[in-house]
Every structure is written in C-alpha cells, then in structure tokens.
file start_21.csv (CSV, C-alpha atoms)
chain,number,residue,atom,x,y,z
A,1,MET,CA,41.3,-34.2,28.1
A,2,HIS,CA,41.8,-37.3,25.9
A,3,GLU,CA,45.0,-38.5,27.4
A,4,PHE,CA,43.2,-41.2,29.3
A,5,SER,CA,42.1,-43.1,26.2
A,6,ILE,CA,45.5,-42.7,24.7
A,7,ALA,CA,47.1,-44.0,27.9
A,8,CYS,CA,44.7,-47.0,27.7
A,9,GLU,CA,46.0,-47.8,24.2
A,10,ILE,CA,49.6,-47.4,25.4
A,11,PHE,CA,49.0,-49.5,28.5
A,12,ASP,CA,47.4,-52.3,26.4
A,13,GLN,CA,50.2,-52.3,23.8
A,14,VAL,CA,52.9,-52.2,26.5
A,15,MET,CA,51.3,-55.1,28.5
A,16,ASN,CA,50.8,-57.2,25.3
A,17,THR,CA,54.4,-56.8,24.2
A,18,ALA,CA,55.8,-57.2,27.7
A,19,THR,CA,53.8,-60.4,28.5
A,20,ALA,CA,54.6,-61.8,25.0
A,21,HIS,CA,58.3,-61.5,25.9
A,22,GLY,CA,57.8,-63.1,29.4
A,23,ALA,CA,58.4,-59.9,31.3
A,24,THR,CA,58.2,-60.0,35.1
A,25,GLU,CA,58.5,-56.2,35.3
A,26,VAL,CA,58.4,-53.2,32.9
A,27,LYS,CA,61.2,-50.8,33.9
A,28,HIS,CA,60.9,-48.1,31.2
A,29,VAL,CA,58.5,-47.0,28.6
A,30,THR,CA,59.9,-44.7,26.0
A,31,LEU,CA,57.5,-42.5,24.0
A,32,GLN,CA,58.0,-40.1,21.2
A,33,VAL,CA,55.5,-37.3,21.3
A,34,GLY,CA,55.2,-34.7,18.5
A,35,ARG,CA,55.2,-31.1,19.7
A,36,LEU,CA,52.1,-30.5,17.6
A,37,ALA,CA,50.2,-33.5,18.8
A,38,HIS,CA,47.3,-32.5,21.1
A,39,THR,CA,48.6,-34.6,23.9
A,40,ASN,CA,50.0,-33.5,27.2
A,41,PRO,CA,52.9,-35.8,28.2
A,42,GLU,CA,52.4,-35.1,32.0
A,43,GLN,CA,48.8,-36.1,31.9
A,44,LEU,CA,49.6,-39.1,29.8
A,45,GLU,CA,52.1,-40.2,32.4
A,46,PHE,CA,49.6,-39.7,35.2
A,47,CYS,CA,46.9,-41.7,33.4
A,48,PHE,CA,49.4,-44.5,32.7
A,49,LYS,CA,50.3,-44.6,36.4
A,50,VAL,CA,46.7,-44.9,37.4
A,51,LEU,CA,46.1,-47.6,34.8
A,52,SER,CA,49.2,-49.6,35.6
A,53,GLU,CA,48.6,-49.9,39.4
A,54,GLY,CA,48.9,-53.5,40.5
A,55,SER,CA,50.4,-54.6,37.1
A,56,ILE,CA,54.0,-55.4,36.2
A,57,ALA,CA,54.2,-51.9,34.7
A,58,GLU,CA,53.3,-50.0,37.9
A,59,ASP,CA,56.9,-48.9,38.6
A,60,ALA,CA,57.8,-48.2,35.0
A,61,ASP,CA,59.6,-44.9,34.3
A,62,PHE,CA,58.2,-42.9,31.5
A,63,VAL,CA,60.8,-41.5,29.1
A,64,ILE,CA,59.3,-38.9,26.8
A,65,GLU,CA,61.2,-37.7,23.7
A,66,MET,CA,59.6,-34.6,22.2
A,67,VAL,CA,59.6,-34.6,18.4
A,68,PRO,CA,60.0,-31.2,16.7
A,69,PRO,CA,57.8,-30.3,13.8
A,70,SER,CA,59.3,-30.8,10.4
A,71,LEU,CA,58.3,-29.3,7.1
A,72,GLU,CA,58.0,-30.7,3.6
A,73,CYS,CA,57.4,-28.6,0.5
A,74,GLU,CA,56.4,-29.5,-3.0
A,75,CYS,CA,59.6,-27.7,-4.2
A,76,GLY,CA,61.5,-30.6,-2.6
A,77,TYR,CA,62.5,-28.9,0.6
A,78,ARG,CA,62.5,-31.0,3.7
A,79,GLY,CA,63.7,-29.9,7.1
A,80,ASP,CA,63.1,-29.4,10.8
A,81,VAL,CA,61.5,-26.2,12.1
A,82,ASN,CA,64.2,-24.2,13.8
A,83,GLU,CA,63.1,-24.4,17.4
A,84,SER,CA,65.1,-21.4,18.7
A,85,GLN,CA,63.2,-19.4,16.1
A,86,ILE,CA,59.9,-20.7,17.6
A,87,ARG,CA,60.8,-19.8,21.1
A,88,GLU,CA,61.5,-16.3,20.1
A,89,SER,CA,58.1,-16.0,18.6
A,90,GLY,CA,56.4,-16.2,22.0
A,91,GLU,CA,56.0,-18.2,25.1
A,92,LEU,CA,52.4,-19.3,24.8
A,93,LYS,CA,52.0,-22.7,23.3
A,94,SER,CA,49.1,-21.7,21.2
A,95,GLU,CA,51.1,-18.9,19.6
A,96,LEU,CA,53.9,-21.4,18.8
A,97,LEU,CA,51.3,-23.6,17.2
A,98,ALA,CA,49.9,-20.8,15.1
A,99,TYR,CA,53.4,-19.9,14.1
A,100,VAL,CA,54.3,-23.3,13.0
A,101,ALA,CA,51.0,-24.1,11.4
A,102,ALA,CA,51.3,-21.1,9.1
A,103,MET,CA,54.9,-21.7,8.3
A,104,GLU,CA,56.2,-21.1,4.8
A,105,CYS,CA,58.9,-23.0,3.0
A,106,PRO,CA,62.2,-21.2,3.5
A,107,ILE,CA,63.2,-21.9,-0.1
A,108,CYS,CA,60.2,-21.1,-2.3
A,109,GLY,CA,57.9,-19.3,0.2
A,110,LYS,CA,54.9,-21.5,-0.4
A,111,PRO,CA,52.9,-22.8,2.6
A,112,ALA,CA,54.8,-25.8,3.7
A,113,HIS,CA,53.2,-29.1,4.6
A,114,LEU,CA,53.8,-30.2,8.2
A,115,GLU,CA,55.4,-33.7,7.9
A,116,GLY,CA,56.5,-34.5,11.4
A,117,GLY,CA,55.6,-33.3,14.9
A,118,ARG,CA,52.1,-34.8,15.2
A,119,GLU,CA,53.0,-38.3,16.1
A,120,LEU,CA,52.7,-40.3,19.3
A,121,ILE,CA,54.9,-43.4,19.1
A,122,ILE,CA,55.6,-46.1,21.7
A,123,LYS,CA,59.2,-46.4,20.8
A,124,SER,CA,60.5,-49.1,23.1
A,125,ILE,CA,60.1,-50.7,26.5
A,126,GLU,CA,62.7,-52.1,28.8
A,127,ILE,CA,61.6,-55.2,30.7
A,128,GLU,CA,63.0,-57.6,33.2
A,129,THR,CA,62.6,-61.4,32.6
A,130,LYS,CA,63.4,-64.4,34.8
A,131,ASP,CA,65.7,-66.2,32.4
A,132,GLU,CA,67.3,-65.9,29.0
A,133,ASP,CA,64.4,-67.1,27.0
A,134,LEU,CA,62.5,-64.5,25.1
A,135,THR,CA,59.4,-66.6,24.6
A,136,ALA,CA,58.0,-64.9,21.6
A,137,ASP,CA,58.8,-62.4,18.9
A,138,ARG,CA,56.9,-59.2,19.1
B,1,MET,CA,67.0,-61.4,36.3
B,2,LEU,CA,67.7,-60.1,32.8
B,3,MET,CA,67.0,-56.8,31.2
B,4,HIS,CA,65.8,-56.5,27.7
B,5,VAL,CA,65.0,-53.5,25.5
B,6,ILE,CA,62.1,-54.2,23.1
B,7,HIS,CA,61.6,-51.9,20.2
B,8,MET,CA,58.0,-51.4,19.5
B,9,GLU,CA,57.7,-48.3,17.2
B,10,HIS,CA,54.0,-48.4,17.7
B,11,ASP,CA,52.4,-45.2,16.5
B,12,VAL,CA,49.1,-44.7,18.4
B,13,PHE,CA,47.6,-42.2,15.9
B,14,LYS,CA,48.6,-44.4,12.9
B,15,ALA,CA,46.8,-47.3,14.6
B,16,ASN,CA,43.7,-45.1,14.6
B,17,ASP,CA,44.4,-44.0,11.0
B,18,LYS,CA,44.4,-47.6,9.9
B,19,ILE,CA,41.0,-48.2,11.3
B,20,ALA,CA,39.9,-44.9,9.7
B,21,GLU,CA,41.2,-46.1,6.3
B,22,LYS,CA,39.1,-49.3,6.8
B,23,ASN,CA,36.0,-47.3,7.5
B,24,LYS,CA,36.6,-45.2,4.4
B,25,LYS,CA,36.9,-48.2,2.2
B,26,LYS,CA,33.7,-49.6,3.6
B,27,LEU,CA,31.9,-46.3,2.9
B,28,ASP,CA,33.4,-46.2,-0.6
B,29,LYS,CA,32.2,-49.7,-1.3
B,30,HIS,CA,28.7,-48.6,-0.6
B,31,GLN,CA,29.2,-45.2,-2.3
B,32,VAL,CA,28.4,-43.3,0.9
B,33,PHE,CA,29.8,-39.8,1.2
B,34,SER,CA,30.7,-39.0,4.8
B,35,VAL,CA,31.2,-35.6,6.5
B,36,ASN,CA,33.0,-35.2,9.9
B,37,VAL,CA,31.6,-32.0,11.5
B,38,MET,CA,33.9,-30.6,14.1
B,39,GLY,CA,33.6,-27.4,16.2
B,40,ALA,CA,33.2,-26.1,19.7
B,41,ILE,CA,30.2,-26.5,22.0
B,42,GLY,CA,27.5,-24.1,20.8
B,43,SER,CA,29.2,-23.4,17.4
B,44,GLY,CA,26.1,-24.6,15.6
B,45,LYS,CA,27.1,-28.1,14.5
B,46,THR,CA,23.7,-29.7,15.2
B,47,THR,CA,21.8,-26.9,13.7
B,48,LEU,CA,23.8,-26.8,10.4
B,49,ILE,CA,23.5,-30.6,10.1
B,50,GLU,CA,19.7,-30.3,10.7
B,51,GLU,CA,19.4,-27.7,8.0
B,52,ALA,CA,21.4,-29.9,5.5
B,53,ILE,CA,19.2,-32.9,6.4
B,54,LYS,CA,16.0,-30.9,5.8
B,55,GLN,CA,17.1,-29.8,2.4
B,56,LEU,CA,18.6,-33.0,1.2
B,57,LYS,CA,16.5,-35.8,2.7
B,58,GLU,CA,14.0,-35.9,-0.2
B,59,LYS,CA,16.8,-36.4,-2.7
B,60,TYR,CA,19.3,-38.6,-0.8
B,61,LYS,CA,19.2,-41.3,1.9
B,62,ILE,CA,20.9,-39.8,5.0
B,63,ALA,CA,22.2,-41.4,8.2
B,64,VAL,CA,23.8,-39.6,11.2
B,65,ILE,CA,26.3,-40.6,13.8
B,66,ALA,CA,25.8,-38.2,16.7
B,67,GLY,CA,28.9,-38.2,18.8
B,68,ASP,CA,28.8,-36.7,22.2
B,69,VAL,CA,29.6,-37.3,25.9
B,70,ILE,CA,25.8,-38.0,26.1
B,71,ALA,CA,24.8,-38.4,22.5
B,72,GLU,CA,21.1,-39.1,22.9
B,73,MET,CA,20.0,-35.4,23.1
B,74,ASP,CA,21.4,-34.5,19.7
B,75,ALA,CA,20.4,-37.9,18.3
B,76,SER,CA,16.8,-37.3,19.1
B,77,ARG,CA,16.9,-34.0,17.2
B,78,PHE,CA,18.1,-35.8,14.1
B,79,ARG,CA,15.6,-38.6,14.5
B,80,LYS,CA,12.8,-36.1,14.5
B,81,LEU,CA,13.7,-35.3,10.9
B,82,GLY,CA,13.2,-39.0,10.1
B,83,VAL,CA,16.8,-40.0,9.5
B,84,PRO,CA,18.4,-43.1,11.0
B,85,THR,CA,20.7,-41.9,13.8
B,86,ILE,CA,23.3,-43.7,15.8
B,87,PRO,CA,24.3,-42.1,19.0
B,88,ALA,CA,28.0,-42.7,19.7
B,89,ASN,CA,28.5,-42.1,23.3
B,90,THR,CA,32.1,-41.3,24.1
B,91,GLY,CA,31.5,-41.3,27.9
B,92,LYS,CA,34.2,-39.1,29.3
B,93,GLU,CA,36.0,-38.7,26.0
B,94,CYS,CA,36.3,-35.5,24.1
B,95,HIS,CA,36.4,-36.8,20.6
B,96,LEU,CA,35.2,-39.5,18.3
B,97,ASP,CA,37.8,-42.0,17.1
B,98,ALA,CA,37.9,-44.4,14.2
B,99,LYS,CA,37.0,-47.4,16.5
B,100,LEU,CA,33.8,-45.7,17.7
B,101,VAL,CA,32.8,-44.9,14.1
B,102,GLU,CA,33.6,-48.5,13.0
B,103,LYS,CA,31.2,-49.8,15.7
B,104,ALA,CA,28.5,-47.3,14.7
B,105,LEU,CA,28.9,-48.2,11.0
B,106,ASN,CA,27.9,-51.8,11.8
B,107,GLU,CA,24.5,-50.4,12.9
B,108,ILE,CA,23.9,-48.4,9.7
B,109,ASP,CA,22.3,-49.9,6.6
B,110,LEU,CA,25.0,-48.6,4.3
B,111,GLU,CA,23.5,-50.1,1.2
B,112,ASN,CA,20.6,-47.7,1.7
B,113,THR,CA,22.7,-44.6,2.6
B,114,ASP,CA,24.0,-41.9,0.3
B,115,LEU,CA,25.2,-39.4,2.9
B,116,LEU,CA,26.6,-40.0,6.4
B,117,MET,CA,26.8,-36.9,8.6
B,118,ILE,CA,29.1,-37.4,11.7
B,119,GLU,CA,28.8,-34.9,14.4
B,120,ASN,CA,32.0,-34.9,16.5
B,121,VAL,CA,32.2,-34.0,20.2
B,122,GLY,CA,32.2,-30.3,20.8
B,123,ASN,CA,35.7,-28.9,21.0
B,124,LEU,CA,38.5,-27.6,18.8
B,125,ILE,CA,41.4,-29.6,20.1
B,126,CYS,CA,40.8,-33.3,20.7
B,127,PRO,CA,39.2,-34.3,17.3
B,128,VAL,CA,42.1,-33.0,15.4
B,129,ASP,CA,44.4,-36.0,15.7
B,130,PHE,CA,41.7,-38.7,15.1
B,131,LYS,CA,40.7,-39.4,11.5
B,132,LEU,CA,37.4,-41.2,11.3
B,133,GLY,CA,37.3,-42.4,7.7
B,134,GLU,CA,35.4,-39.3,6.5
B,135,HIS,CA,35.5,-37.8,3.0
B,136,LEU,CA,35.1,-34.2,4.1
B,137,ARG,CA,36.5,-32.7,7.3
B,138,VAL,CA,34.5,-29.6,8.3
B,139,VAL,CA,35.2,-27.2,11.1
B,140,ILE,CA,32.5,-24.8,12.3
B,141,VAL,CA,33.4,-21.8,14.4
B,142,SER,CA,30.9,-19.2,15.6
B,143,VAL,CA,31.5,-15.5,15.9
B,144,THR,CA,30.5,-15.8,19.6
B,145,GLU,CA,33.8,-17.6,20.3
B,146,GLY,CA,35.7,-14.4,19.6
B,147,ASP,CA,37.8,-13.4,16.6
B,148,ASP,CA,41.0,-14.6,18.2
B,149,ILE,CA,39.8,-18.2,18.5
B,150,ILE,CA,41.3,-19.4,15.2
B,151,LEU,CA,44.9,-18.6,15.9
B,152,LYS,CA,44.4,-20.2,19.4
B,153,HIS,CA,43.4,-23.5,17.7
B,154,PRO,CA,45.4,-23.5,14.5
B,155,MET,CA,45.7,-27.3,13.9
B,156,ILE,CA,42.0,-27.9,13.4
B,157,PHE,CA,41.8,-25.1,10.8
B,158,LYS,CA,45.0,-26.3,9.2
B,159,THR,CA,43.7,-29.8,8.7
B,160,SER,CA,40.1,-29.1,7.7
B,161,GLU,CA,38.8,-29.2,4.1
B,162,LEU,CA,35.9,-26.8,4.7
B,163,ALA,CA,35.7,-24.0,7.3
B,164,ILE,CA,32.4,-22.4,8.3
B,165,ILE,CA,32.1,-19.2,10.3
B,166,ASN,CA,28.6,-19.4,11.8
B,167,LYS,CA,26.2,-16.9,13.5
B,168,VAL,CA,27.6,-14.0,11.4
B,169,ASP,CA,24.3,-12.2,11.8
B,170,ILE,CA,25.2,-11.4,15.5
B,171,ALA,CA,28.9,-10.6,14.8
B,172,HIS,CA,28.3,-6.9,15.5
B,173,ALA,CA,26.5,-7.6,18.8
B,174,VAL,CA,29.5,-9.6,20.1
B,175,ASP,CA,32.0,-7.1,18.7
B,176,VAL,CA,33.7,-9.6,16.3
B,177,ASN,CA,35.0,-9.1,12.8
B,178,ALA,CA,34.0,-12.1,10.8
B,179,GLU,CA,36.3,-11.0,8.0
B,180,LYS,CA,39.3,-11.1,10.4
B,181,MET,CA,38.3,-14.7,11.2
B,182,ARG,CA,38.2,-15.6,7.5
B,183,GLU,CA,41.7,-14.0,7.1
B,184,ASP,CA,43.1,-16.0,10.0
B,185,ILE,CA,41.8,-19.2,8.6
B,186,LEU,CA,43.3,-18.5,5.2
B,187,SER,CA,46.6,-17.6,6.8
B,188,LEU,CA,46.7,-21.1,8.3
B,189,ASN,CA,45.2,-22.9,5.3
B,190,PRO,CA,45.3,-20.8,2.2
B,191,ASP,CA,43.4,-23.3,0.0
B,192,VAL,CA,40.5,-24.1,2.3
B,193,PRO,CA,37.0,-22.9,1.2
B,194,VAL,CA,35.5,-20.6,3.9
B,195,ILE,CA,31.8,-20.0,4.2
B,196,LEU,CA,30.1,-17.4,6.4
B,197,THR,CA,26.7,-18.7,7.6
B,198,SER,CA,23.7,-17.7,9.7
B,199,LYS,CA,20.7,-19.9,10.2
B,200,HIS,CA,18.6,-16.9,9.4
B,201,ASP,CA,20.2,-16.3,6.1
B,202,TRP,CA,18.9,-18.9,3.7
B,203,GLU,CA,21.5,-18.1,0.9
B,204,SER,CA,24.4,-18.8,3.3
B,205,LEU,CA,22.9,-22.2,4.2
B,206,GLU,CA,22.5,-23.0,0.5
B,207,THR,CA,26.2,-22.6,0.1
B,208,TRP,CA,26.9,-25.1,2.9
B,209,ILE,CA,24.4,-27.5,1.5
B,210,SER,CA,25.6,-27.3,-2.1
B,211,PHE,CA,29.1,-28.1,-0.8
B,212,ILE,CA,27.8,-31.4,0.6
B,213,GLU,CA,25.8,-32.1,-2.6
B,214,LEU,CA,29.0,-31.6,-4.7
B,215,GLY,CA,30.7,-34.3,-2.6
B,216,LEU,CA,27.7,-36.6,-2.9
B,217,LYS,CA,27.7,-36.3,-6.6
B,218,LYS,CA,31.4,-37.1,-6.8
B,219,ALA,CA,30.9,-40.1,-4.5
B,220,GLN,CA,28.1,-41.5,-6.6
B,221,LYS,CA,30.0,-41.2,-9.9
B,222,LYS,CA,32.8,-43.5,-8.6
call {"tool": "encode", "arguments": {"input": "start_21.csv", "output": "structure tokens"}}
result
Amino acid sequence: MHEFSIACEIFDQVMNTATAHGATEVKHVTLQVGRLAHTNPEQLEFCFKVLSEGSIAEDADFVIEMVPPSLECECGYRGDVNESQIRESGELKSELLAYVAAMECPICGKPAHLEGGRELIIKSIEIETKDEDLTADR
Amino acid sequence: MLMHVIHMEHDVFKANDKIAEKNKKKLDKHQVFSVNVMGAIGSGKTTLIEEAIKQLKEKYKIAVIAGDVIAEMDASRFRKLGVPTIPANTGKECHLDAKLVEKALNEIDLENTDLLMIENVGNLICPVDFKLGEHLRVVIVSVTEGDDIILKHPMIFKTSELAIINKVDIAHAVDVNAEKMREDILSLNPDVPVILTSKHDWESLETWISFIELGLKKAQKK
C-alpha cells in the first residue's frame, strides 16, 4: 500500500496552494486518477482524511475522476480504449489490466503504446477565503 | 466568505519523474550505469545482484542502493562483497521513489563508481509508477510465484527493459512451466529480452551479467 505517501504529497500540494491563496477552508479536492495507475482512490481518500485532521482541509470532499487508458501507435493512431469492451473481458481488475497492457493498435495491429491512464493529477481545489483578495498567484 | 476554484494540474507521478530525470543526469555526468532491480519478495533480487557484483567487481567500481522496509539486512550482504552500499529505508513504504534515490546518491562517491545497482522493495505493484533515474529497469520473477503471476501484474512487465525468470531449476518441483511465463511476458511486451536463470546454472548467470556489462560499456562510451 503506497497510498499514504501519495496522499502526503497531495496534502502538501493542496495545503501550499490553499494557504498561498489565503484559504480559510478547503471545500473540494478534485483528482484525476488513471485506471492503470497502481493507486486505490478509496485508500487515497482515507489517507488524506487522516492527514488533514485538524487542518483547513479536514472537511474537504474528494472528487475523483477516473481517466481511461488511451493508446498511441507509431502508425499515427491515437484513441481511447473502448471501456465497454474492457468490461466484457472480465470482472477482475488484474484481467482488465492484462487485457489493456497487451492491447494492439486497432488500425495496424502492432502492440500499441499506452499513452494515458497511468496519471495521478491534482486537478483543482475549491477553497473559501475571507475576502476578495487572492493574495498570491499559484 | 468567498469561494474560489484554483486549477492546480499537478501530476504527482510527473513530479517524481522530474526528480528521476535529475538523478539520471547526475549519473550520466559521472558516467555511471544504473540498474533498477524490481521483483517480488523472494524472487532472487539480492542473490542475482550478489552474483553480478562477484563477477564484475574486479573490472568495475560498483555501488549499491539497497531499498527495503528495513534495508540493513540486504545491505550487509552487499557490504560483505566489499562494495559501498547505501541502505534506503522506506519505513512503511512499498517502493523506492526518486526522492529516496536522490538522497542516497548524495552519499555515493559517483566519481569513483561505474555501476550502481538499485534493489527495489519486494513487490510487483508499487515500484511500477515510480521512476528512479535508472538506465535499465529489470524485473525478476521466480517460478515459485506460479505461472499465472505475470498476467496478474502486467504493468511491471510491460514497462521493464529486461525480464528475468529465476529459479528455473525447480520449476518442475513447483509444477510451473517457465516457457509459459516467457510467452506471457512477451505477450505483454514483445520486444523485451527474457532470460531464464538459476543460481546453480553458471551459464544462465553469465547472460544476466553480460547484459549489465553491455550497458556499462555503452555508458562509458558516452
């Protein structure tokens, strides 16, 4: 389980940005998590909750947007993996991963490069401030 | 009270990648070839690194970063071979990250190092998303893990540059088909070199060691 160290990084980044903008409270934290990243969003949220206790982010809601894997091929093809197709291939996550990891380009049939789907991005935060002044740029 | 939405677009893994890039530049500057050895607990990472050190230490200057929850045990095995070893304790963490390696690099005399072996923490999941700045990513899997282990952990095989199937001498005893394991690896990553090894088969170890030496020679030519 490595969600704790990732949650630490997220917490630090969120707190730095929030305080730089004069936040009195962090209301939302929106994350984008790639479906192929080895990160469990529920554990991430739990770790964040533990870390943020007593801070201005303790009541923040976690919004998690899952990012589907996308393929890129040397033939020029770029596209998302058809998720309905993945679901049909089996329910186990490991099987889905194996399926996606071995995916071929639908145009030329060569093994495609996985372009997206492995990221973990802190997309945005929603904060409350006392007055209109945004004290600093991010 | 006012509400603001602040766009951050901060990619946690890319932040790690940036430090990894920095590590790599530092290693390149000193012409150090580095190998990130990943694999499950008991797959044979420490043993295969030891064998490589034994064969290469007369020719090259070697250093080791031993990453583990408690790294001292493996580190003392490497020190016995006379190579400088930095234990990178991850505490409760299940992988090395670029920051830990950055810290460890400060303790290594890079000017007097040709080869840096980095032993990652034992598992097939967590190290995948964290580049360290290595030149060669190696995954070691042993037959004792069962021949369905590869498709259960596809990403580590997909992203490695060398795959080793270890302990093949006991494959029969554990009812595993090493060739099936090789095929599974190639189905995920068709271009990756796959080596079958056993610590009792000298020739197989030579193949692993010659692979490292090939990288070393390339690094020194730069």
call {"tool": "atom_distance", "arguments": {"input": "start_21.csv", "atom1": "CA of Gly39 in chain B", "atom2": "CA of Leu132 in chain B"}}
result
15.1 Å
call {"tool": "atom_distance", "arguments": {"input": "start_21.csv", "atom1": "CA of Thr113 in chain B", "atom2": "CA of His30 in chain B"}}
result
7.9 Å
call {"tool": "residues_around", "arguments": {"input": "start_21.csv", "residues": "Gly79 in chain A", "least_positions_apart": "6", "cutoff": "10 Å", "atoms": "all atoms listed in the file", "output": "ChimeraX atom specification"}}
result
/A:69-73,105-106,114-116
call {"tool": "closest_residue", "arguments": {"input": "start_21.csv", "among": "B:Lys22, B:Lys80, B:Lys99, B:Lys59", "to": "Leu216 in chain B", "atoms": "all atoms listed in the file"}}
result
B:Lys59
call {"tool": "closest_atom_pairs", "arguments": {"input": "start_21.csv", "of": "chain B", "to": "chain A", "cutoff": "6 Å", "atoms": "all atoms listed in the file", "output": "Markdown table"}}
result
| residue | atom | partner | partner_atom | distance |
| --- | --- | --- | --- | --- |
| B:Met1 | CA | A:Lys130 | CA | 4.9 |
| B:Leu2 | CA | A:Thr129 | CA | 5.3 |
| B:Met3 | CA | A:Glu128 | CA | 4.5 |
| B:His4 | CA | A:Ile127 | CA | 5.3 |
| B:Val5 | CA | A:Glu126 | CA | 4.3 |
| B:Ile6 | CA | A:Ile125 | CA | 5.3 |
| B:His7 | CA | A:Ser124 | CA | 4.2 |
| B:Met8 | CA | A:Ser124 | CA | 4.9 |
| B:Glu9 | CA | A:Lys123 | CA | 4.3 |
| B:His10 | CA | A:Ile122 | CA | 4.9 |
| B:Asp11 | CA | A:Ile121 | CA | 4.0 |
| B:Val12 | CA | A:Leu120 | CA | 5.8 |
| B:Glu93 | CA | A:His2 | CA | 6.0 |
| B:Leu151 | CA | A:Ala98 | CA | 5.5 |
| B:Lys152 | CA | A:Ser94 | CA | 5.3 |
| B:Pro154 | CA | A:Ala98 | CA | 5.3 |
| B:Leu188 | CA | A:Ala102 | CA | 4.7 |
call {"tool": "residues_near_point", "arguments": {"input": "start_21.csv", "point": "(21.8, -36.2, -0.2)", "cutoff": "12 Å", "atoms": "only C-alpha atoms", "output": "ChimeraX atom specification"}}
result
/B:31-35,49,52-63,83,112-117,209-220
call {"tool": "atom_distance", "arguments": {"input": "start_21.csv", "atom1": "CA of Lys26 in chain B", "atom2": "CA of Leu48 in chain B"}}
result
25.8 Å
